[in-house]
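Undergrad: So here's structure11.cif (mmCIF, C-alpha atoms and all ligand atoms).
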```
data_my_file
loop_
_atom_site.label_atom_id
_atom_site.label_comp_id
_atom_site.auth_asym_id
_atom_site.auth_seq_id
_atom_site.Cartn_x
_atom_site.Cartn_y
_atom_site.Cartn_z
CA MET A 7 4.85 -41.86 -71.37
CA PHE A 8 8.31 -41.52 -69.86
CA ARG A 9 8.85 -42.93 -66.41
CA ILE A 10 11.70 -42.38 -63.98
CA GLU A 11 13.63 -45.44 -62.83
CA ARG A 12 16.74 -45.84 -60.73
CA ALA A 13 19.88 -46.86 -62.58
CA GLY A 14 21.39 -50.22 -61.70
CA PRO A 15 24.42 -52.26 -62.73
CA ALA A 16 22.70 -53.36 -65.98
CA ASP A 17 22.41 -49.76 -67.19
CA MET A 18 26.07 -48.97 -67.85
CA ALA A 19 25.80 -49.73 -71.60
CA GLY A 20 22.63 -47.67 -72.02
CA VAL A 21 24.06 -44.73 -70.12
CA TYR A 22 27.20 -44.84 -72.27
CA ARG A 23 25.02 -44.85 -75.40
CA VAL A 24 23.00 -41.82 -74.29
CA CYS A 25 26.21 -40.05 -73.27
CA ARG A 26 27.65 -40.55 -76.78
CA LEU A 27 24.40 -39.57 -78.51
CA THR A 28 24.28 -36.27 -76.58
CA GLY A 29 28.04 -35.71 -76.29
CA ASP A 30 28.46 -32.91 -78.83
CA VAL A 31 26.75 -30.02 -76.97
CA GLY A 32 23.57 -32.08 -76.73
CA GLU A 33 23.88 -33.63 -80.21
CA ASP A 34 25.25 -36.96 -81.46
CA ALA A 35 29.01 -37.16 -80.91
CA THR A 36 29.46 -40.57 -82.59
CA ALA A 37 31.31 -39.14 -85.58
CA LEU A 38 33.69 -37.13 -83.38
CA TYR A 39 35.39 -40.01 -81.59
CA LEU A 40 37.05 -43.16 -82.94
CA ASP A 41 36.24 -45.08 -79.76
CA PRO A 42 32.48 -45.04 -79.00
CA ASP A 43 33.10 -45.51 -75.26
CA LEU A 44 35.17 -42.35 -74.77
CA CYS A 45 32.28 -40.04 -73.80
CA GLY A 46 30.95 -42.54 -71.29
CA HIS A 47 34.36 -43.12 -69.74
CA VAL A 48 34.92 -39.41 -69.21
CA TRP A 49 31.44 -38.11 -68.36
CA ALA A 50 29.22 -40.89 -67.06
CA GLY A 51 30.56 -44.28 -66.00
CA ALA A 52 32.10 -43.31 -62.68
CA TYR A 53 28.73 -42.17 -61.29
CA LEU A 54 27.26 -45.65 -61.77
CA ALA A 55 30.41 -47.44 -60.64
CA GLN A 56 30.67 -45.71 -57.25
CA GLU A 57 28.26 -46.10 -54.36
CA GLY A 58 25.65 -43.53 -53.37
CA GLY A 59 24.19 -40.42 -54.95
CA THR A 60 21.00 -40.26 -57.00
CA GLN A 61 21.24 -42.07 -60.35
CA LEU A 62 18.03 -41.77 -62.39
CA LEU A 63 16.91 -42.88 -65.84
CA ALA A 64 14.17 -41.67 -68.19
CA VAL A 65 12.65 -44.78 -69.75
CA ASP A 66 9.88 -45.45 -72.27
CA ASP A 67 8.81 -48.44 -74.38
CA GLU A 68 11.83 -47.92 -76.67
CA GLY A 69 14.17 -48.19 -73.69
CA LEU A 70 16.51 -45.80 -72.00
CA ALA A 71 16.08 -42.23 -73.26
CA GLY A 72 18.11 -40.23 -70.76
CA TYR A 73 19.71 -40.01 -67.37
CA LEU A 74 20.52 -37.80 -64.45
CA ILE A 75 23.68 -38.98 -62.71
CA SER A 76 25.09 -37.35 -59.60
CA THR A 77 27.16 -37.41 -56.48
CA ASP A 78 26.27 -35.94 -53.07
CA ASP A 79 29.92 -35.28 -52.27
CA THR A 80 32.06 -33.97 -55.12
CA ALA A 81 35.33 -34.03 -53.14
CA ALA A 82 34.87 -37.68 -52.14
CA PHE A 83 33.77 -38.57 -55.67
CA ASP A 84 36.90 -36.98 -57.17
CA ALA A 85 39.11 -38.81 -54.67
CA TRP A 86 37.39 -42.13 -55.48
CA ALA A 87 37.81 -41.52 -59.22
CA GLU A 88 41.47 -40.63 -58.76
CA ALA A 89 42.03 -43.91 -56.91
CA HIS A 90 39.81 -46.29 -58.89
CA TRP A 91 38.35 -44.88 -62.12
CA TRP A 92 41.08 -42.95 -63.93
CA PRO A 93 44.19 -45.15 -63.39
CA PRO A 94 43.21 -48.07 -65.71
CA LEU A 95 41.79 -45.66 -68.30
CA ARG A 96 45.06 -43.70 -68.32
CA VAL A 97 46.89 -46.93 -69.18
CA ARG A 98 44.49 -47.84 -71.99
CA TYR A 99 44.33 -44.30 -73.41
CA PRO A 100 47.78 -42.71 -73.34
CA ARG A 101 47.94 -38.93 -73.41
CA SER A 102 48.63 -37.35 -76.76
CA ASP A 103 49.12 -33.70 -77.64
CA GLU A 104 47.19 -34.00 -80.92
CA ASP A 105 44.50 -31.43 -81.58
CA THR A 106 41.67 -33.89 -82.25
CA PRO A 107 38.38 -34.42 -80.38
CA SER A 108 39.54 -37.87 -79.20
CA ALA A 109 42.89 -36.59 -77.94
CA ARG A 110 41.23 -33.67 -76.16
CA LEU A 111 38.79 -36.01 -74.39
CA ILE A 112 41.56 -38.43 -73.47
CA ARG A 113 43.50 -35.53 -71.89
CA ARG A 114 40.51 -35.10 -69.54
CA MET A 115 41.28 -38.57 -68.16
CA HIS A 116 44.83 -37.49 -67.41
CA ASP A 117 44.00 -33.97 -66.18
CA PRO A 118 40.59 -34.27 -64.51
CA GLN A 119 38.53 -31.15 -64.11
CA GLN A 120 39.92 -28.58 -61.67
CA ARG A 121 37.12 -27.45 -59.40
CA THR A 122 36.89 -24.26 -57.37
CA PRO A 123 37.19 -25.25 -53.67
CA ALA A 124 34.73 -22.58 -52.48
CA ILE A 125 32.07 -23.88 -54.90
CA VAL A 126 32.59 -27.49 -53.87
CA ALA A 127 32.38 -26.48 -50.19
CA ARG A 128 29.13 -24.49 -50.58
CA TYR A 129 27.51 -26.72 -53.23
CA PRO A 130 28.91 -30.21 -52.48
CA ALA A 131 26.69 -32.21 -54.85
CA HIS A 132 26.99 -32.11 -58.64
CA PHE A 133 25.17 -33.81 -61.51
CA HIS A 134 24.94 -34.37 -65.26
CA ILE A 135 21.66 -34.64 -67.16
CA ASP A 136 21.32 -35.77 -70.78
CA LEU A 137 18.15 -36.68 -72.63
CA LEU A 138 17.79 -38.10 -76.13
CA ARG A 139 15.81 -35.87 -78.45
CA ARG A 140 12.59 -37.87 -78.05
CA ALA A 141 12.61 -37.20 -74.31
CA ARG A 142 13.21 -33.44 -74.50
CA GLY A 143 10.78 -30.59 -74.24
CA SER A 144 7.97 -32.31 -72.36
CA GLY A 145 8.98 -31.75 -68.76
CA MET A 146 11.29 -34.75 -68.28
CA GLY A 147 14.32 -32.59 -67.48
CA ARG A 148 12.36 -30.71 -64.83
CA ARG A 149 10.99 -33.96 -63.33
CA LEU A 150 14.46 -35.48 -63.04
CA ILE A 151 15.98 -32.37 -61.45
CA GLU A 152 13.08 -31.91 -59.03
CA ARG A 153 13.51 -35.55 -57.95
CA LEU A 154 17.24 -34.96 -57.42
CA LEU A 155 16.68 -31.76 -55.43
CA ALA A 156 14.10 -33.48 -53.20
CA GLU A 157 16.46 -36.37 -52.49
CA LEU A 158 19.40 -34.05 -51.80
CA GLN A 159 17.26 -32.08 -49.34
CA GLU A 160 16.17 -35.30 -47.61
CA ARG A 161 19.85 -36.16 -47.20
CA ARG A 162 20.56 -32.61 -45.95
CA ILE A 163 23.06 -31.77 -48.69
CA ALA A 164 23.86 -28.03 -48.54
CA GLY A 165 23.85 -27.28 -52.26
CA VAL A 166 24.31 -28.58 -55.79
CA HIS A 167 26.27 -27.37 -58.81
CA MET A 168 26.92 -28.41 -62.39
CA GLY A 169 29.11 -27.40 -65.31
CA VAL A 170 27.89 -26.60 -68.80
CA ALA A 171 29.59 -25.53 -72.01
CA GLN A 172 29.16 -21.80 -72.61
CA ARG A 173 27.86 -22.53 -76.12
CA ASN A 174 25.13 -24.86 -74.80
CA ALA A 175 22.57 -22.04 -74.76
CA ASN A 176 19.66 -24.48 -74.46
CA ALA A 177 20.98 -26.06 -71.26
CA LEU A 178 21.95 -22.67 -69.79
CA GLY A 179 18.44 -21.32 -70.39
CA PHE A 180 16.92 -24.47 -68.90
CA TYR A 181 19.05 -24.35 -65.72
CA GLU A 182 18.44 -20.65 -65.15
CA HIS A 183 14.70 -21.15 -65.71
CA LEU A 184 14.77 -23.81 -62.98
CA GLY A 185 16.44 -21.43 -60.53
CA PHE A 186 20.15 -22.23 -60.84
CA ARG A 187 22.44 -19.20 -60.79
CA VAL A 188 25.79 -18.68 -62.50
CA LEU A 189 28.64 -19.08 -60.00
CA GLU A 190 31.59 -18.69 -62.36
CA ALA A 191 32.40 -18.67 -66.05
CA GLY A 192 35.59 -18.99 -68.08
CA GLY A 193 37.49 -21.18 -70.50
CA GLY A 194 34.34 -21.97 -72.47
CA GLY A 195 32.52 -23.32 -69.43
CA VAL A 196 29.95 -22.05 -66.94
CA THR A 197 29.32 -23.38 -63.43
CA LEU A 198 25.84 -22.94 -62.04
CA GLY A 199 24.59 -23.73 -58.57
CA MET A 200 21.67 -23.79 -56.19
CA PRO A 201 21.84 -23.62 -52.38
CA LEU A 202 19.59 -26.15 -50.64
CA ALA A 203 20.17 -25.17 -47.04
C1 LIG B 301 18.82 -29.60 -71.17
C2 LIG B 301 17.73 -30.68 -71.01
C3 LIG B 301 18.11 -31.66 -69.90
C4 LIG B 301 16.40 -30.01 -70.67
O1 LIG B 301 15.41 -31.01 -70.49
P1 LIG B 301 13.96 -30.87 -71.20
O2 LIG B 301 13.19 -32.10 -70.88
O3 LIG B 301 14.19 -30.56 -72.63
O4 LIG B 301 13.34 -29.60 -70.46
P2 LIG B 301 11.87 -29.54 -69.82
O5 LIG B 301 10.87 -29.85 -70.88
O6 LIG B 301 11.83 -30.36 -68.58
O7 LIG B 301 11.77 -28.00 -69.44
C5 LIG B 301 11.54 -27.59 -68.08
C6 LIG B 301 11.26 -26.11 -68.06
O8 LIG B 301 12.41 -25.40 -68.56
C7 LIG B 301 12.01 -24.56 -69.62
N1 LIG B 301 13.10 -24.53 -70.59
C8 LIG B 301 13.60 -25.56 -71.29
N2 LIG B 301 14.61 -25.15 -72.08
C9 LIG B 301 14.73 -23.81 -71.84
C10 LIG B 301 15.57 -22.81 -72.37
N3 LIG B 301 16.53 -23.11 -73.27
N4 LIG B 301 15.44 -21.54 -71.91
C11 LIG B 301 14.49 -21.24 -70.99
N5 LIG B 301 13.64 -22.16 -70.46
C12 LIG B 301 13.77 -23.43 -70.89
C13 LIG B 301 10.77 -25.20 -70.20
O9 LIG B 301 9.96 -24.26 -70.88
C14 LIG B 301 10.09 -25.72 -68.96
O10 LIG B 301 9.42 -24.68 -68.30
P3 LIG B 301 8.16 -24.94 -67.29
O11 LIG B 301 8.41 -26.29 -66.62
O12 LIG B 301 8.24 -23.79 -66.31
O13 LIG B 301 6.96 -24.96 -68.14
C15 LIG B 301 17.56 -31.47 -72.35
O14 LIG B 301 17.12 -30.57 -73.35
C16 LIG B 301 18.80 -32.19 -72.83
O15 LIG B 301 19.10 -33.28 -72.35
N6 LIG B 301 19.53 -31.60 -73.81
C17 LIG B 301 20.65 -32.26 -74.44
C18 LIG B 301 21.79 -32.60 -73.51
C19 LIG B 301 22.30 -31.40 -72.75
O16 LIG B 301 22.54 -30.35 -73.30
N7 LIG B 301 22.49 -31.64 -71.44
C20 LIG B 301 23.00 -30.65 -70.53
C21 LIG B 301 24.48 -30.69 -70.55
S1 LIG B 301 25.14 -29.64 -69.27
#
```
Reformat the file's structure so that it appears as structure tokens.
TA:
Amino acid sequence: MFRIERAGPADMAGVYRVCRLTGDVGEDATALYLDPDLCGHVWAGAYLAQEGGTQLLAVDDEGLAGYLISTDDTAAFDAWAEAHWWPPLRVRYPRSDEDTPSARLIRRMHDPQQRTPAIVARYPAHFHIDLLRRARGSGMGRRLIERLLAELQERRIAGVHMGVAQRNANALGFYEHLGFRVLEAGGGGVTLGMPLA
């Protein structure tokens, strides 16, 4: 009953909504953040705003129920975000040293994720996948990732990685079941990867 569609310019609002509804280790993060757009700004919007990559949606009769968003080239994506995505957000959301969920997420705009150069070189693509509860557990995650892997191989991308919170045991089990292997772990996060060539 779920179908895969490509994301287009009209899907930014839906992707932000799914990002917020899965933003607390897979559960609804709405109550965590004063501003409902924060999750989308930090985790999702840039993938739709830049050109290229594989941007997929899981859709049913109730609408958008999940996404897989990605880039083929993490280094180029980070450089694009540094030039175009983060600067206006840093103006709108000034850094604060408060110990609140909102302040912690806003600090990610100011101090974007530090990546390990050897991982980016060997596994240049990366992705995020988030499904609403109604789309989970029936093979949709596998279908989206298999579509991504096929498209990356067609484009001759050497490998793909992704980051996951250490406490997200469900996602870790899912990725390892699909053949991803842990590349590094620390600071509450785990990076997994898969070589494609
Ligand atoms: C993680 C997520 C994408 C998985 O998608 P899903 O649709 O629930 O998973 P699927 O039904 O496609 O499962 C695919 C396979 O993985 C297996 N699997 C799923 N979860 C697993 C787990 N925790 N441990 C081991 N295997 C698991 C399934 O049994 C299935 O096996 P099979 O295809 O060999 O029969 C989805 O649960 C989700 O969006 N969760 C909330 C958001 C989230 O945590 N995102 C990841 C952030 S990094």
Undergrad: Residues of region 35-126 of chain A within 10 Å of region 135-138 of chain A: nearest atom pair and distance (Å, one decimal) for each, counting all atoms listed in the file, sorted by chain and number, as a tab-separated table?
TA:
```
residue	atom	partner	partner_atom	distance
A:Ala50	CA	A:Ile135	CA	9.8
A:Leu62	CA	A:Ile135	CA	9.3
A:Leu63	CA	A:Leu137	CA	9.3
A:Ala64	CA	A:Leu137	CA	7.8
A:Leu70	CA	A:Leu138	CA	8.8
A:Ala71	CA	A:Leu138	CA	5.3
A:Gly72	CA	A:Leu137	CA	4.0
A:Tyr73	CA	A:Asp136	CA	5.7
A:Leu74	CA	A:Ile135	CA	4.3
A:Ile75	CA	A:Ile135	CA	6.5
A:Ser76	CA	A:Ile135	CA	8.7
```
Undergrad: May I ask for the distance between CA of Ala164 (chain A) and CA of Ala131 (chain A), given in Å to one decimal place?
TA: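 Between CA of Ala164 (chain A) and CA of Ala131 (chain A) the gap works out to 8.1 Å.
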Undergrad: Within 7 Å of ligand LIG 301 (chain B) (counting all atoms listed in the file), which residues show up? I'd like them as a PyMOL selection string.
TA: chain A and resi 28+31-33+134-138+141-149+169-171+174-180+183-184
Undergrad: Given all atoms listed in the file as the basis, pick out the residue of A:Tyr39, A:Asp66, A:Asp30, A:Tyr53 nearest to Gly14 (chain A).
TA: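 So, comparing all the options, the nearest one is A:Tyr53.
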Undergrad: For a quick check of understanding, using only C-alpha atoms, which of A:Gly192, A:Pro107, A:Pro130, A:Pro15 has the smallest distance to Ala55 (chain A)?
TA: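 For Ala55 (chain A), the nearest of the given residues is A:Pro15.
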Undergrad: Using only C-alpha atoms, which of the listed residues (A:Ile112, A:Val65, A:Val166, A:Met200) sits closest to Cys45 (chain A)?
TA: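 Under the stated criterion, the closest residue is A:Ile112.
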Undergrad: How many Å lie between CA of Arg139 (chain A) and CA of Gly195 (chain A), rounded to one decimal?
TA: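 CA of Arg139 (chain A) sits 22.8 Å away from CA of Gly195 (chain A).
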Undergrad: Using all atoms listed in the file, which of A:Phe8, A:Phe186, A:Trp92, A:Trp86 sits nearest Trp49 (chain A)?
TA: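 Of the candidates, the smallest distance to Trp49 (chain A) is held by A:Trp92.
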Undergrad: Quick one: residues within 12 Å of Asp84 (chain A), all atoms listed in the file, excluding same-chain residues fewer than 4 positions away - as number ranges by chain?
TA: A: 52-53, 56, 77-80, 88-92, 115, 117-121, 126, 130-132
Undergrad: Considering all atoms listed in the file, state which residue in the set A:Gly51, A:Pro100, A:Pro94, A:Gly165 is at the smallest distance from Tyr22 (chain A).
TA: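 That would be A:Gly51, the residue with the smallest distance to Tyr22 (chain A).
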Undergrad: Find the spatial neighbours of Asp34 (chain A), counting only C-alpha atoms, within a cut-off of 9 Å - ignore same-chain residues fewer than 5 positions away - and output them as a PyMOL selection string.
TA: chain A and resi 24-29
Undergrad: Output C-alpha atoms for every residue in the selection just made, as a PDB file, in the frame of the given file.
TA:
```pdb
ATOM      1  CA  VAL A  24      23.000 -41.820 -74.290  1.00  0.00           C
ATOM      2  CA  CYS A  25      26.210 -40.050 -73.270  1.00  0.00           C
ATOM      3  CA  ARG A  26      27.650 -40.550 -76.780  1.00  0.00           C
ATOM      4  CA  LEU A  27      24.400 -39.570 -78.510  1.00  0.00           C
ATOM      5  CA  THR A  28      24.280 -36.270 -76.580  1.00  0.00           C
ATOM      6  CA  GLY A  29      28.040 -35.710 -76.290  1.00  0.00           C
TER       7      GLY A  29
END
```
